[in-house]
Structure formats: structure tokens, C-alpha cells
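Encoded as C-alpha cells, the structure appears first; notes follow it.
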Amino acid sequence: MSAEGYESRIIDGKALAQLIEREVGSRVESLKSDRGVTPGLATILVGNDPASKIYVRLKHKACERVGIRAEDYLLPAEASQEELLSLIDTLNKNRDVHAILLQLPLPKHLFPQEAMEAIAPEKDADGFHPYNMGKLMIGDEGLVPCTPHGVIRALEEYNVPVKGKNAVIVGHSNVVGKPMAAMFLNRNATVSVCHVFTDDLKKYTLGADILVVAAGVKHLIKADMVKEGVVIFDVGITKEEDGVYGDVDFENVIKNASLITPVPGGVGPLTIAMLMKHVLMCGEKNF
Ligand code: NAD
């Protein structure tokens, strides 16, 4: 089975990410030439988790592409919560650091929520601070989580209407599902949020005009779980020896979808591009 013949239905996350990065790059240039400010992102990585190292490297490479200055702060796996908080405090006070990103997950002995709350809200590139989450809830979207922000940008770019549509989200994490729900509500969609305890998932997904899946379960969504014409964003990532898989059985589901993101090459690159946009927003505000 393949997606052959259905290529026009694929949301090209890489191409859209390049477009966003070009926009960010030209605004970074203006910020440098008009105000003499180079936006700076500080990333914090605690420990040696190989996947986290790759994610930080990808973010640094994106910074290079758009002209953002990136600083890499590495703490050993056994670093204490106090050391982490002290580093965050130093970066909060550093005027050349406009945005801070704490790479998750942290080693088990540390407290991620306390660390994320220690980041100055105006430097919170990931949009995870309760202040920024609270603003999102009341419809005042500023620094919002990058992945759902990327989904919204793609919907705009592909002219998909949201108002009055049934938006169904699978997954209720603080990183994707919950902020995604708030963003859809802010745009007057009718929102359903499903999760691991949802009884009869298919009942909900079949009603979706827009379906965002962020469960981390390979091929959770099958062709018979979606209706004709649905727009699908597959956020999930499952790494196996022979490749990377999404939460959607792409090759079969694409036959029902009007638009769908692939894995890889869909939501992932968009997320990083939106991070670049957020660092730029931090740089434009904080100097
Ligand atoms: P999570 O891993 O914290 O939680 C998983 C969510 O899925 C929970 O709400 C859980 O209730 C739900 N879930 C799990 N199994 C389910 C099932 N069988 N049926 C219905 N719901 C189920 O969530 P997360 O941090 O948002 O991550 C989800 C996935 O998205 C992971 O694979 C993660 O790697 C990926 N992710 C990708 C990006 C990206 O940029 N592409 C960004 C963030 C997360």
C-alpha cells in the first residue's frame, strides 16, 4: 500500500517550515539592522539523553539558518534542582538572552514544573509557563506551545476554516493536547479532547472535520475511524529500528483525508520553525 496518487493531500511540513523560517530570518535581519539586536536563545540540557541531544542540535541548526544566536548550556545528569534554578535565574537576568528553552524530559530526580515556572514568562520560548498558558486560556495568545501553534499556522496556510468545525484532539498533554484545545476554542471550533481513558475513541474521531493526534501510539488511527474529507495532523512519533512512525496509519487514512501531515516531515519541522518565531518575538519585545 502506498500514498501514490494522493500526493496533493499531503501537508508539506518541511516546505511550510522553510517559509516560516524565511519570514523569521528577514525579521531577524531587520531587528539587527534597525535596533542592533541579535535575538539570542539559551537552551538548557540536563544529562545525556541521546534523543534530547538530537532535539537540541536541531534547534541550534534552525537558529543558525535564521540568524538567531544560540547558546548551549549543559548540566550533568546528577545536577541538583538548585543548580538548575540558579542557571535559569542567571539566564533570566542576562540581557543578551532573549529566550530560554529547557529541554525535556529532565532526569527523574528533578522537578520540571518548578523549573519551567522559574523561566521568566517573557523569555518562555516554549510557551509552557503557567502565565503564558493562562493567557492562552483567556484568548490572549502570545508565547504559546510550538506544536499546536504550528498546526494553526498550517491550517491558515492551507485555507482550512476552523470556526464552527468539529476539532477532535487525541491526547491531553500540557505540551500539545490542552493548548491545542484552547487554540481551537479561541477560533470558535467545537472541540473534543480524547485520551487514554476515552470510551469508544472511534465515535469521536469519526465526527472530526479536523483531527489532531498526539498519543504516541503507532497507527492508532485507522481508515475506518475517520470520515471523508477530514484534515489530519499527526503529531505522534514512535521510533522503531526500521523507521519513525506516526499515530496515523498514513497510507490507508490518506484515502479519506483531504489533507494530512506525514511522519516524518510534517508537524516536526513546523514545531521547530514556530520555536524560531517565538525566539524572534522574545527578541523583538525584550531588549
Ligand atoms: P504524552 O506522551 O504526554 O501523553 C500521551 C497522550 O495520549 C495522553 O493524553 C494519553 O491519555 C493519550 N493516549 C495514549 N494512548 C492513547 C490511546 N490508546 N487512545 C487515546 N489516547 C491515548 O503526550 P505528548 O507529550 O503530547 O506526546 C504525544 C506524542 O507526540 C509523542 O509521540 C511525542 O513524541 C509526540 N510529539 C511530537 C512533537 C513534534 O514536534 N512532532 C511535539 C510534541 C510531542
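Identifiers in this document derive from the order of the C-alpha cells: chains are assigned A, B, ..., residues are numbered from 1 separately in each chain, and ligands are numbered from 1 in order of occurrence.
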
May I have a table of the residues of chain A lying at most 8 Å from ligand 1, giving each one's closest pair of atoms and their distance in Å to one decimal, counting only C-alpha atoms and all ligand atoms, ordered by chain and ascending residue number, as a Markdown table?
| residue | atom | partner | partner_atom_place_in_ligand_line | distance |
| --- | --- | --- | --- | --- |
| A:Cys146 | CA | ligand 1 | 40 (O) | 7.9 |
| A:Thr147 | CA | ligand 1 | 42 (C) | 5.6 |
| A:Val170 | CA | ligand 1 | 21 (N) | 5.4 |
| A:Gly171 | CA | ligand 1 | 9 (O) | 3.4 |
| A:His172 | CA | ligand 1 | 9 (O) | 3.6 |
| A:Ser173 | CA | ligand 1 | 23 (O) | 4.7 |
| A:Asn174 | CA | ligand 1 | 26 (O) | 7.0 |
| A:Val175 | CA | ligand 1 | 26 (O) | 5.4 |
| A:Val176 | CA | ligand 1 | 26 (O) | 4.5 |
| A:Gly177 | CA | ligand 1 | 26 (O) | 6.0 |
| A:Cys194 | CA | ligand 1 | 21 (N) | 6.0 |
| A:His195 | CA | ligand 1 | 21 (N) | 3.5 |
| A:Val196 | CA | ligand 1 | 22 (C) | 3.6 |
| A:Phe197 | CA | ligand 1 | 11 (O) | 6.5 |
| A:Thr198 | CA | ligand 1 | 20 (C) | 6.5 |
| A:Leu201 | CA | ligand 1 | 20 (C) | 6.7 |
| A:Val213 | CA | ligand 1 | 30 (O) | 7.7 |
| A:Ala214 | CA | ligand 1 | 28 (C) | 4.1 |
| A:Ala215 | CA | ligand 1 | 7 (O) | 3.2 |
| A:Gly216 | CA | ligand 1 | 32 (O) | 3.2 |
| A:Val217 | CA | ligand 1 | 15 (N) | 5.9 |
| A:Leu220 | CA | ligand 1 | 18 (N) | 6.7 |
| A:Asp234 | CA | ligand 1 | 41 (N) | 7.8 |
| A:Val235 | CA | ligand 1 | 41 (N) | 4.7 |
| A:Gly236 | CA | ligand 1 | 30 (O) | 3.6 |
| A:Ile237 | CA | ligand 1 | 32 (O) | 3.9 |
| A:Thr238 | CA | ligand 1 | 32 (O) | 5.7 |
| A:Gly246 | CA | ligand 1 | 32 (O) | 7.5 |
| A:Asp247 | CA | ligand 1 | 32 (O) | 7.6 |
| A:Gly266 | CA | ligand 1 | 41 (N) | 7.5 |
| A:Val267 | CA | ligand 1 | 41 (N) | 4.9 |
| A:Gly268 | CA | ligand 1 | 41 (N) | 3.7 |
| A:Pro269 | CA | ligand 1 | 40 (O) | 7.0 |
| A:Leu270 | CA | ligand 1 | 40 (O) | 7.3 |
| A:Thr271 | CA | ligand 1 | 40 (O) | 5.0 |
| A:Ile272 | CA | ligand 1 | 40 (O) | 7.2 |

* Residue with smallest distance to A:Thr38 - pool A:Val279, A:Thr190, A:Lys163, A:Gln113, counting only C-alpha atoms ->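 Of A:Val279, A:Thr190, A:Lys163, A:Gln113, the one nearest A:Thr38 is A:Val279, counting only C-alpha atoms.
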
* Could you pull out the strand (DSSP E or B) residues of stretch 122-276 of chain A from DSSP and send them as an NGL selection string? -> :A and (124 or 166-170 or 190-194 or 210-213 or 221 or 230-234 or 238-240 or 243-245 or 248 or 257-260)

Write out, as a short mmCIF file (atom, residue, chain, number, x, y, z; two decimals), in the first residue's frame, the residues just selected, with N, CA and C atoms.
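Written out: result_26.cif:
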data_model
loop_
_atom_site.label_atom_id
_atom_site.label_comp_id
_atom_site.auth_asym_id
_atom_site.auth_seq_id
_atom_site.Cartn_x
_atom_site.Cartn_y
_atom_site.Cartn_z
N ASP A 124 9.99 32.81 27.70
CA ASP A 124 9.50 31.43 27.67
C ASP A 124 9.20 31.00 26.22
N ASN A 166 -15.83 20.75 13.70
CA ASN A 166 -15.58 19.80 14.79
C ASN A 166 -14.09 19.48 14.82
N ALA A 167 -13.41 19.99 15.85
CA ALA A 167 -11.98 19.71 16.02
C ALA A 167 -11.84 18.64 17.09
N VAL A 168 -11.23 17.54 16.74
CA VAL A 168 -11.06 16.45 17.70
C VAL A 168 -9.57 16.25 17.94
N ILE A 169 -9.21 16.21 19.21
CA ILE A 169 -7.81 16.06 19.59
C ILE A 169 -7.67 14.74 20.33
N VAL A 170 -6.69 13.94 19.97
CA VAL A 170 -6.42 12.70 20.70
C VAL A 170 -5.11 12.92 21.47
N THR A 190 -15.77 23.60 17.57
CA THR A 190 -16.36 22.77 18.63
C THR A 190 -15.35 21.68 18.92
N VAL A 191 -14.89 21.63 20.16
CA VAL A 191 -13.69 20.83 20.46
C VAL A 191 -14.00 19.59 21.31
N SER A 192 -13.46 18.46 20.91
CA SER A 192 -13.49 17.26 21.75
C SER A 192 -12.05 16.86 22.04
N VAL A 193 -11.76 16.57 23.29
CA VAL A 193 -10.42 16.11 23.64
C VAL A 193 -10.51 14.67 24.15
N CYS A 194 -9.88 13.75 23.43
CA CYS A 194 -9.90 12.34 23.81
C CYS A 194 -8.55 11.96 24.42
N ILE A 210 -11.50 18.31 11.68
CA ILE A 210 -10.05 18.47 11.86
C ILE A 210 -9.66 17.51 13.00
N LEU A 211 -8.65 16.70 12.75
CA LEU A 211 -8.23 15.71 13.75
C LEU A 211 -6.75 15.91 14.05
N VAL A 212 -6.44 16.14 15.32
CA VAL A 212 -5.04 16.26 15.74
C VAL A 212 -4.74 15.08 16.65
N VAL A 213 -3.75 14.29 16.29
CA VAL A 213 -3.48 13.08 17.07
C VAL A 213 -2.09 13.18 17.70
N ILE A 221 -4.79 5.53 14.68
CA ILE A 221 -5.93 5.96 13.87
C ILE A 221 -5.94 5.22 12.53
N VAL A 230 -11.68 14.66 6.00
CA VAL A 230 -11.07 15.15 7.25
C VAL A 230 -9.66 15.72 7.00
N VAL A 231 -9.29 16.71 7.83
CA VAL A 231 -7.92 17.28 7.80
C VAL A 231 -7.20 16.74 9.03
N ILE A 232 -6.05 16.10 8.81
CA ILE A 232 -5.40 15.38 9.92
C ILE A 232 -3.98 15.87 10.17
N PHE A 233 -3.69 16.14 11.45
CA PHE A 233 -2.32 16.45 11.88
C PHE A 233 -1.85 15.32 12.77
N ASP A 234 -0.81 14.66 12.33
CA ASP A 234 -0.26 13.52 13.08
C ASP A 234 0.97 13.98 13.84
N THR A 238 6.78 7.50 16.97
CA THR A 238 7.24 6.24 17.55
C THR A 238 8.46 5.80 16.75
N LYS A 239 9.59 5.69 17.46
CA LYS A 239 10.82 5.28 16.77
C LYS A 239 11.00 3.78 16.90
N GLU A 240 11.16 3.12 15.75
CA GLU A 240 11.46 1.69 15.75
C GLU A 240 12.72 1.49 14.93
N GLY A 243 12.45 2.54 11.32
CA GLY A 243 11.97 3.87 10.93
C GLY A 243 11.17 4.57 12.02
N VAL A 244 10.60 5.70 11.62
CA VAL A 244 9.81 6.53 12.54
C VAL A 244 8.36 6.46 12.09
N TYR A 245 7.45 6.25 13.03
CA TYR A 245 6.04 6.11 12.70
C TYR A 245 5.19 7.13 13.43
N VAL A 248 -0.97 7.82 12.99
CA VAL A 248 -1.99 7.60 11.98
C VAL A 248 -1.47 6.59 10.95
N ALA A 257 -8.68 11.35 3.75
CA ALA A 257 -8.37 12.71 4.20
C ALA A 257 -8.33 13.69 3.03
N SER A 258 -8.69 14.96 3.31
CA SER A 258 -8.48 15.98 2.27
C SER A 258 -7.07 16.55 2.42
N LEU A 259 -6.58 16.58 3.65
CA LEU A 259 -5.20 17.00 3.91
C LEU A 259 -4.68 16.17 5.09
N ILE A 260 -3.38 15.88 5.06
CA ILE A 260 -2.81 15.07 6.15
C ILE A 260 -1.30 15.34 6.24
#

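Counting only C-alpha atoms, the residue from A:Leu280, A:Lys255, A:Ala77, A:Asn186 that sits nearest to A:Ser26 is A:Leu280.
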
Leaving out A:Gly25 and any residue of its chain fewer than 6 positions from it, which residues lie within 10 Å of it when counting only C-alpha atoms, given as an mmCIF file with all heavy atoms, in the first residue's frame?
data_model
loop_
_atom_site.group_PDB
_atom_site.id
_atom_site.type_symbol
_atom_site.label_atom_id
_atom_site.label_comp_id
_atom_site.auth_asym_id
_atom_site.auth_seq_id
_atom_site.Cartn_x
_atom_site.Cartn_y
_atom_site.Cartn_z
ATOM 1 N N LEU A 19 9.256 28.236 4.711
ATOM 2 C CA LEU A 19 8.581 29.526 4.502
ATOM 3 C C LEU A 19 8.599 30.345 5.806
ATOM 4 O O LEU A 19 8.943 31.536 5.804
ATOM 5 C CB LEU A 19 7.136 29.277 4.044
ATOM 6 C CG LEU A 19 6.250 30.505 3.906
ATOM 7 C CD1 LEU A 19 6.588 31.229 2.606
ATOM 8 C CD2 LEU A 19 4.762 30.116 3.891
ATOM 9 N N LEU A 31 15.674 43.397 12.759
ATOM 10 C CA LEU A 31 15.941 43.676 14.174
ATOM 11 C C LEU A 31 17.414 44.031 14.375
ATOM 12 O O LEU A 31 17.765 44.950 15.126
ATOM 13 C CB LEU A 31 15.564 42.441 15.005
ATOM 14 C CG LEU A 31 15.385 42.607 16.504
ATOM 15 C CD1 LEU A 31 14.304 43.628 16.822
ATOM 16 C CD2 LEU A 31 15.010 41.265 17.144
ATOM 17 N N CYS A 63 18.386 27.824 14.454
ATOM 18 C CA CYS A 63 18.828 29.169 14.855
ATOM 19 C C CYS A 63 19.859 29.692 13.865
ATOM 20 O O CYS A 63 19.792 30.847 13.429
ATOM 21 C CB CYS A 63 19.461 29.139 16.257
ATOM 22 S SG CYS A 63 18.255 28.976 17.577
ATOM 23 N N GLU A 64 20.807 28.835 13.513
ATOM 24 C CA GLU A 64 21.844 29.222 12.532
ATOM 25 C C GLU A 64 21.210 29.673 11.221
ATOM 26 O O GLU A 64 21.594 30.675 10.640
ATOM 27 C CB GLU A 64 22.739 28.023 12.229
ATOM 28 C CG GLU A 64 24.141 28.126 12.783
ATOM 29 C CD GLU A 64 24.878 26.822 12.538
ATOM 30 O OE1 GLU A 64 25.033 26.414 11.371
ATOM 31 O OE2 GLU A 64 25.242 26.184 13.550
ATOM 32 N N ARG A 65 20.227 28.908 10.761
ATOM 33 C CA ARG A 65 19.585 29.217 9.470
ATOM 34 C C ARG A 65 18.906 30.576 9.477
ATOM 35 O O ARG A 65 18.885 31.263 8.464
ATOM 36 C CB ARG A 65 18.545 28.131 9.105
ATOM 37 C CG ARG A 65 19.123 26.783 8.762
ATOM 38 C CD ARG A 65 18.079 25.918 8.047
ATOM 39 N NE ARG A 65 16.945 25.565 8.882
ATOM 40 C CZ ARG A 65 16.884 24.505 9.678
ATOM 41 N NH1 ARG A 65 17.907 23.666 9.744
ATOM 42 N NH2 ARG A 65 15.818 24.251 10.410
ATOM 43 N N VAL A 66 18.323 30.973 10.625
ATOM 44 C CA VAL A 66 17.550 32.222 10.635
ATOM 45 C C VAL A 66 18.324 33.393 11.248
ATOM 46 O O VAL A 66 17.787 34.496 11.341
ATOM 47 C CB VAL A 66 16.191 32.054 11.361
ATOM 48 C CG1 VAL A 66 15.339 31.018 10.673
ATOM 49 C CG2 VAL A 66 16.381 31.718 12.825
ATOM 50 N N GLY A 67 19.557 33.155 11.680
ATOM 51 C CA GLY A 67 20.381 34.252 12.200
ATOM 52 C C GLY A 67 20.193 34.540 13.681
ATOM 53 O O GLY A 67 20.555 35.606 14.172
ATOM 54 N N ILE A 68 19.611 33.574 14.403
ATOM 55 C CA ILE A 68 19.462 33.722 15.863
ATOM 56 C C ILE A 68 20.720 33.183 16.538
ATOM 57 O O ILE A 68 21.278 32.169 16.110
ATOM 58 C CB ILE A 68 18.198 32.956 16.336
ATOM 59 C CG1 ILE A 68 16.937 33.734 15.929
ATOM 60 C CG2 ILE A 68 18.229 32.698 17.829
ATOM 61 C CD1 ILE A 68 15.637 32.979 16.154
ATOM 62 N N MET A 276 11.443 29.100 16.368
ATOM 63 C CA MET A 276 12.247 30.225 15.870
ATOM 64 C C MET A 276 11.428 31.515 15.904
ATOM 65 O O MET A 276 11.919 32.579 16.263
ATOM 66 C CB MET A 276 12.746 29.954 14.441
ATOM 67 C CG MET A 276 13.690 28.774 14.321
ATOM 68 S SD MET A 276 15.175 28.988 15.337
ATOM 69 C CE MET A 276 14.874 27.822 16.663
ATOM 70 N N LYS A 277 10.168 31.385 15.516
ATOM 71 C CA LYS A 277 9.279 32.555 15.523
ATOM 72 C C LYS A 277 9.140 33.103 16.951
ATOM 73 O O LYS A 277 9.162 34.312 17.168
ATOM 74 C CB LYS A 277 7.910 32.179 14.951
ATOM 75 C CG LYS A 277 6.996 33.357 14.749
ATOM 76 C CD LYS A 277 5.686 32.930 14.135
ATOM 77 C CE LYS A 277 4.642 34.014 14.207
ATOM 78 N NZ LYS A 277 4.766 35.033 13.218
ATOM 79 N N LEU A 280 12.204 34.972 18.050
ATOM 80 C CA LEU A 280 12.154 36.302 17.424
ATOM 81 C C LEU A 280 11.200 37.210 18.202
ATOM 82 O O LEU A 280 11.538 38.368 18.506
ATOM 83 C CB LEU A 280 11.681 36.168 15.972
ATOM 84 C CG LEU A 280 11.310 37.483 15.290
ATOM 85 C CD1 LEU A 280 12.554 38.324 15.018
ATOM 86 C CD2 LEU A 280 10.541 37.224 13.996
#

* Could you pull out the helix (DSSP H, G or I) residues of stretch 45-225 of chain A from DSSP and send them as number ranges by chain? -> A: 50-66, 81-93, 112-118, 121-123, 130-137, 146-157, 177-186, 201-205, 223-225

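Each of A:Arg187, A:Glu21, A:Leu75, A:Asp199 was compared to A:Lys61 using only C-alpha atoms, and A:Glu21 turns out to be the nearest.
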
* **Polymer residues at most 10 Å from A:Ile88, only C-alpha atoms, same-chain spacing of 4 or more positions, as a ChimeraX atom specification** => /A:42,44,82-84,92-94,100-102,115-116,118-120

Go ahead and save the picked residues with N, CA and C atoms, as a compact mmCIF listing (two decimals), in the first residue's frame.
# COMPACT_ATOMS: atom_id res chain seq x y z
N ALA A 42 18.89 30.65 24.68
CA ALA A 42 19.70 29.77 25.52
C ALA A 42 18.97 28.46 25.69
N ILE A 44 18.88 24.74 27.56
CA ILE A 44 19.43 24.04 28.73
C ILE A 44 19.14 22.56 28.56
N GLU A 82 18.64 22.91 42.60
CA GLU A 82 19.16 24.25 42.93
C GLU A 82 20.08 24.74 41.83
N GLU A 83 20.94 23.85 41.34
CA GLU A 83 21.86 24.25 40.25
C GLU A 83 21.07 24.65 39.01
N LEU A 84 20.03 23.88 38.70
CA LEU A 84 19.22 24.19 37.53
C LEU A 84 18.52 25.53 37.71
N ASN A 92 17.79 34.41 33.12
CA ASN A 92 16.69 35.39 33.19
C ASN A 92 17.25 36.81 33.25
N LYS A 93 18.39 36.96 33.96
CA LYS A 93 18.95 38.31 34.17
C LYS A 93 19.86 38.75 33.04
N ASN A 94 20.24 37.82 32.15
CA ASN A 94 21.18 38.14 31.07
C ASN A 94 20.43 38.83 29.92
N ILE A 100 14.60 31.41 26.53
CA ILE A 100 15.20 30.26 27.23
C ILE A 100 14.38 29.02 26.92
N LEU A 101 15.08 27.94 26.62
CA LEU A 101 14.38 26.67 26.36
C LEU A 101 14.98 25.58 27.25
N LEU A 102 14.15 25.01 28.08
CA LEU A 102 14.59 23.89 28.92
C LEU A 102 14.18 22.61 28.22
N ALA A 115 10.93 24.12 37.49
CA ALA A 115 11.96 24.72 36.63
C ALA A 115 11.32 25.56 35.53
N MET A 116 10.25 25.04 34.93
CA MET A 116 9.59 25.81 33.86
C MET A 116 8.98 27.10 34.40
N ALA A 118 10.21 28.79 36.73
CA ALA A 118 11.30 29.72 37.10
C ALA A 118 11.74 30.55 35.89
N ILE A 119 11.44 30.09 34.69
CA ILE A 119 11.82 30.84 33.48
C ILE A 119 10.95 32.11 33.41
N ALA A 120 11.59 33.25 33.17
CA ALA A 120 10.83 34.50 33.05
C ALA A 120 9.79 34.33 31.94

* Determine the nearest neighbour of A:Leu41 from the options A:Asp126, A:Glu29, A:Asp224, A:Glu78, counting only C-alpha atoms. =>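 Counting only C-alpha atoms, the residue closest to A:Leu41 is A:Asp126.
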
* Asked: At what distance in Å, to one decimal, does atom CA of A:His278 lie from atom CA of A:Ile20?
  ->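 If I compute the distance from atom CA of A:Ile20 to atom CA of A:His278, I get 11.3 Å.
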
* Asked: Between atom CA of A:Asp209 and atom CA of A:Ala3, what is the distance, to one decimal in Å?
  ->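 Rounded to one decimal, the two atoms are 20.7 Å apart.
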
* For A:Cys282, work out the shell of residues within 8 Å, counting only C-alpha atoms and skipping chain neighbours fewer than 2 positions away, then give it as a PyMOL selection string. => chain A and resi 39+98-99+122-123+125+278-280+284-286

* **Distance query stretch 133-140 of chain A at most 8 Å, only C-alpha atoms, self and fewer than 6 positions along chain excluded, as a list of chain:residue names** =>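 Using only C-alpha atoms, the neighbours found are A:Gly127, A:Pro179, A:Ala182, A:Met183, A:Asn186.
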
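The coordinates place atom CA of A:Phe184 at 19.6 Å from atom CA of A:Lys227.
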